[in-house]
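Peer 1: Provided herewith is a single structure, encoded as structure tokens, for subsequent inquiry.
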Amino acid sequence: MTDCIFCKIANGEFGTEFIYEDEKTVVFKDINPKAPVHLLVVPKVHVENLNELEDRELMADLLCAVKKAAKKVGLNSYRLQVNTGKEAGQEVMHLHIHILGK
Ligand code: AMP
Ligand code: ZN
């Protein structure tokens, strides 16, 4: 999607450092961290949120990316957050999984 910030980041348009990247996903640091370690796991394809995600393989890929990124930054213990819909606090309308750790 042309006007989507996470599509642009995933396309490398801003030169964002990727903590982890594979064919389907990128992981980068949240610009406004709410925990000592705060990463975002983002599919390269534009999907608005979890409700719109029908690709089961991509669901699995996203969780694999969570594990790999966490391992890469040395996080054994962390929590995940997936804000789905405006009322739940979703501000960026491109699916992302927050990884929050210490
Ligand atoms: P959400 O409220 O779940 O939609 O979370 C969106 C998250 O994206 C927030 O934690 C923001 O700090 C983060 N964010 C927004 N723009 C950027 C950006 N350009 N680079 C990194 N993180 C961003
Ligand atoms: Zn997008």
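By order in the structure tokens, chains are A, B, ...; within a chain, residues start at 1; ligands start at 1, following the order shown.
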Applying 8 Å and only C-alpha atoms, which residues near stretch 55-66 of chain A remain after dropping the ones on its own chain fewer than 3 positions away? List them as number ranges by chain.
Peer 2: A: 20-21, 24-27, 41-43, 69-70, 99
Peer 1: Could you report the residues within 10 Å of ligand 2, using only C-alpha atoms and all ligand atoms, as a count of residues only?
Peer 2: 24
Peer 1: Give the answer as one residue: which of A:Leu100, A:Leu40, A:Ile31, A:Leu53 has the shortest atom-to-atom distance to ligand 1, using only C-alpha atoms and all ligand atoms?
Peer 2: A:Ile31
Peer 1: Restricting the calculation to only C-alpha atoms and all ligand atoms, which member of A:Asp22, A:Lys71, A:Lys34, A:Glu54 is positioned closest to ligand 1?
Peer 2: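 Distance minimum relative to ligand 1 lands on A:Lys34.
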Peer 1: What's the 6 Å shell around A:Leu39, counting only C-alpha atoms, without same-chain residues fewer than 5 positions away, as a VMD selection string?
Peer 2: chain A and resid 28 to 30 98 to 99
Peer 1: Using N, CA, C and O atoms, can you export the residues from the last selection as a PDB file, in the first residue's frame?
Peer 2:
```pdb
ATOM      1  N   PHE A  28      12.007  -4.623  13.472  1.00  0.00           N
ATOM      2  CA  PHE A  28      12.798  -3.412  13.745  1.00  0.00           C
ATOM      3  C   PHE A  28      12.390  -2.837  15.095  1.00  0.00           C
ATOM      4  O   PHE A  28      11.371  -3.236  15.678  1.00  0.00           O
ATOM      5  N   LYS A  29      13.194  -1.877  15.573  1.00  0.00           N
ATOM      6  CA  LYS A  29      12.926  -1.280  16.886  1.00  0.00           C
ATOM      7  C   LYS A  29      11.757  -0.297  16.806  1.00  0.00           C
ATOM      8  O   LYS A  29      11.666   0.486  15.841  1.00  0.00           O
ATOM      9  N   ASP A  30      10.912  -0.327  17.820  1.00  0.00           N
ATOM     10  CA  ASP A  30       9.838   0.666  17.919  1.00  0.00           C
ATOM     11  C   ASP A  30      10.467   2.040  18.158  1.00  0.00           C
ATOM     12  O   ASP A  30      11.377   2.184  18.970  1.00  0.00           O
ATOM     13  N   HIS A  98       4.037  -6.519  18.698  1.00  0.00           N
ATOM     14  CA  HIS A  98       5.006  -5.891  19.591  1.00  0.00           C
ATOM     15  C   HIS A  98       5.707  -6.988  20.392  1.00  0.00           C
ATOM     16  O   HIS A  98       5.027  -7.862  20.964  1.00  0.00           O
ATOM     17  N   ILE A  99       7.028  -6.920  20.468  1.00  0.00           N
ATOM     18  CA  ILE A  99       7.795  -7.748  21.411  1.00  0.00           C
ATOM     19  C   ILE A  99       8.308  -6.813  22.491  1.00  0.00           C
ATOM     20  O   ILE A  99       9.004  -5.836  22.196  1.00  0.00           O
TER      21      ILE A  99
END
```
Peer 1: Write out as a ChimeraX atom specification the set of residues from chain A that DSSP, computed on the backbone, places in strand (DSSP E or B).
Peer 2: /A:20-21,25-29,37-43,78-81,97-101
